[in-house]
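These notes are about the structure you will find just below.
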Amino acid sequence: MPKVHGPRHDDARPLRPLAGEGGAPPDSARPVASAAAPEGAQLAPSPSATNRMAPVRREERAAVEAQGREHEAENPGARAAAGVVSEAEARARPLDEDSESAGGVVTGTGIAGIAAAPGATRRGGPRGRTILHVDIDAFFAAIEQQRDPRLKGKPVIVGAGVIASCSYEARAFGLKAGMPLSEAKRLCPQALIIDGHAQIYRCFAEEIFTRCRAIAPEVETYLDEAYCDLTGTERLHGDLDAAVRQLKDDIRSGTGLTVTCGLGPNRMLAKLVGKTVKPDGFARIEAAAADEFLRDRPIDQLAGVGHAHAKTLRSMNLKTIGDLRALPEDVLVALFGVHGRLLYERCRGRDTAPVTEREVPLSISRETSFHRDTADRGEIEGMLEYLVGRACRTTRELAIRPRTIGVHLRYSDGEGAERERSLAQASDTDPVVLELALDLLRRLFTRRVALHAVGVRLTNFSRAGGEQGSLFDEREAGRRAQLYRTFDRVRGEYGHGVVVSGRALRLKNTIVEDRHGFVLRTPSLTK
Amino acid sequence: MRQEVIDEAVSVRADFKGGTVTPVVFRRGATEHRVVHVNSRWIDRAGRHPRFYFSVTVESGDVYQLNLHGSDLVWWLDSVTLEG
């Protein structure tokens with residue numbers, strides 16, 4: 001899901017325990033029941049928390065490389081169709097490379113209407129993967145409608161400034177996530193606009209993801225969707241379709257929310273086939289049906305084709321995914337760089353990107369808009385210090401240290417600015433990161449225009465403890481690190497807001513607080 | 001819809017049954033509000049002790065948010081959402 005602004009609450013919590021840590025972060029939370037089944041809910045054990053990190057492109061690059069290598073080999077697809085693939089070849093092949101070669105059909109479309117052909121998938125075989133995509137329908141809006149039944153059946157918008165989420169009733173008017181509220185009001189004047197409650201949404205998401213983890217060994221979660229790798233679980237589940245339907249039922253009875261599920265031989269197809277049966281649907285696609293399934297779909301439905309890419313491709317009269325296949329790989333690479341190779345594979349239904357519970361994110365960002373545009377440097381720096389504190393806390397909980405710090409801001413006239421710089425040595429302690437962030441802010445904030453939003457972005461991570469330390473500062477650095485770890489423990493038990501330092505104190509009594517910290521206007525919900 | 005923050009401790013009569021807790025009646029000031037429907041419930045596990053949240057509709061039709069602190073078993077009335 002793209003970066004979404006809207007719901008309140010800044011919460012920079014770790015979203016998933018690291019391998020070997022087990023258990024849940026202290027702030028994980030979950031819903032236990034719903035209007036649909038208020039009596040039957042159980043107070044289940046804590047799940048691990050949601051991953052809200054930026055997507056990792058590294059996996060995509062690896063997938064491209066793997067596919068590229070495969071591409072140079074002789075055509076194994078035809079041989080596979082003829083049943084002459086050796087075991088060694090089969091192992092060497094990308095797992096869903098055989099999208100175009102193996103048998104199979106699209107076995108189910110329509111709301112909750114699945115008619116899987118028994119044995120159509122290559123269950124548990126060395127070559128086949130089975131990926132489940134779970135997407136929460138109109139997530140924020142659905143929760144708001146559940147919390148207040150008076151909203152049911154009405155067009156509901158969650159967001160501030162732009163739509164973070166809207167109900168299906170609102171979508172009927174052409175509203176969609178990311179649309180400015182001014183435009184939304186014009187299209188649907190009767191829409192009810194509600195401030196978001198990010199913390200509540202995370203509780204519900206975590207409940208859903210916990211249920212996903214109960215059926216799949218690997219689950220990759222985002223804000224409102226998850227990929228579950230069900231490969232090799234056929235003997236455990238028996239009928240995978242039945243397992244997915246059971247998952248949907250469990251989620252509905254446990255949270256009152258509906259999800260749309262897509263089952264396919266890879267992530268891309270699983271997600272895409274799910275989109276055809278939203279909301280509350282379940283569809284499955286077999287590898288052999290991928291070609292036909294993709295051919296006539298609009299180009300912008302292909303994973304990795306965003307607004308800009310779609311515009312470029314349309315200008316070349318390439319309007320469907322099938323049209324894209326006419327372009328040779330080197331042309332796509334020339335157009336879109338390494339991403340072009342991904343598109344080359346994906347338009348043929350191939351996607352070897354794995355489902356992984358990421359331990360090291362590509363970036364961690366914390367940002368918000370101000371409740372009122374401001375040029376008060378004290379307030380701006382206070383907010384930046386608070387955001388840096390939240391971001392650094394997340395890095396410590398993930399046991400990683402950022403080396404590159406970026407600050408971005410947006411003026412009230414819409415103009416933006418951003419800059420980043422690297423530390424001499426990676427650090428996860430607030431003062432070190434803050435010093436650089438403040439310096440960047442001073443260099444960026446040069447216009448005599450009030451600021452609308454500010455944010456910090458940490459990147460270029462290394463594992464904590466894995467870098468060469470400074471010989472003379474070690475003792476002081478160790479003491480400081482210990483101090484901030486202690487702060488983290490206190491905040492973990494009593495809420496982030498119990499320890500507020502330095503410039504962030506200026507925010508006290510000006511911004512509403514709760515146990516999770518300051519209630520920000522539009523905290524970043526980037527994962 | 002208009003949400004008003006209340007954030008005060010309240011007395012609540014609740015059912016504890018089958019591992020779940022369900023608020024039945026709560027008193028705010030001199031007024032007793034009977035819960036006619038539990039719309040939604042969730043647990044926030046931030047911090048050492050969990051908090052159990054409930055969105056409930058009372059007889060008047062207003063929607064309140066209650067939470068039960070897991071540490072001291074004190075009920076708090078968080079907010080009310082009023083029509084209009």
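Every chain in the structure tokens takes a letter, A first, then B, and so on in the order presented; its residues are numbered from 1, and the ligands are numbered from 1 following the presented order.
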Next on the checklist: Counting only C-alpha atoms, a student should be able to say which residues of chain B come within 8 Å of chain A; what is the right answer, written as an MDAnalysis selection string?
Outcome noted: chainID B and resid 1 18:20 22 37:50 55:57 63
Next on the checklist: Can you pull out every residue from stretch 199-301 of chain A that DSSP, working from the backbone, puts in strand (DSSP E or B), and format the result as JSON, numbers by chain?
Outcome noted: {"A": [218, 219, 220, 221, 225, 226, 227, 228, 229, 259, 260, 261, 262, 263, 264, 282, 283, 284, 298]}
Item to check | Who sits within 9 Å of B:Arg27, only C-alpha atoms, same chain under 4 positions skipped, as a PyMOL selection string | outcome: chain B and resi 10-13+31-34
Item to check | Of the listed residues B:Val5, B:Val58, B:Val35, B:Ala14, that which approaches B:Leu77 most closely, counting only C-alpha atoms | outcome: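 Ranking B:Val5, B:Val58, B:Val35, B:Ala14 by distance to B:Leu77, first place goes to B:Val5.
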Checklist entry - Do you have the atom CA of A:Ser253-atom CA of A:Thr130 distance handy? => result 25.2 Å
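Relative to atom CA of A:Leu451, atom CA of A:Leu436 is found at 19.5 Å.
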Next on the checklist: Report, in Å to a single decimal, how far apart atom CA of A:Ala184 and atom CA of A:Ala308 are.
Outcome noted: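 Those two atoms sit 22.8 Å apart.
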Next on the checklist: Excluding A:Ile405 and its own-chain neighbours fewer than 2 positions away, which residues fall within 7 Å of it when counting only C-alpha atoms? Please give them as a ChimeraX atom specification.
Outcome noted: /A:403,407,420-422,437,457-459
Once you have the residues from the selection above, write them out as a PDB file, in the first residue's frame, restricted to C-alpha atoms.
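Once everything was written out, this is part.pdb:
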```pdb
ATOM      1  CA  ARG A 403      23.629   5.621   8.727  1.00  0.00           C
ATOM      2  CA  VAL A 407      14.560  15.278   6.464  1.00  0.00           C
ATOM      3  CA  GLU A 420      19.681  13.594   3.350  1.00  0.00           C
ATOM      4  CA  ARG A 421      23.150  13.044   4.639  1.00  0.00           C
ATOM      5  CA  SER A 422      25.088  10.199   6.170  1.00  0.00           C
ATOM      6  CA  ALA A 437      18.382  16.058  11.355  1.00  0.00           C
ATOM      7  CA  ARG A 457      13.580   9.165   7.143  1.00  0.00           C
ATOM      8  CA  LEU A 458      16.251   6.742   8.287  1.00  0.00           C
ATOM      9  CA  THR A 459      17.973   4.480   5.771  1.00  0.00           C
TER      10      THR A 459
END
```
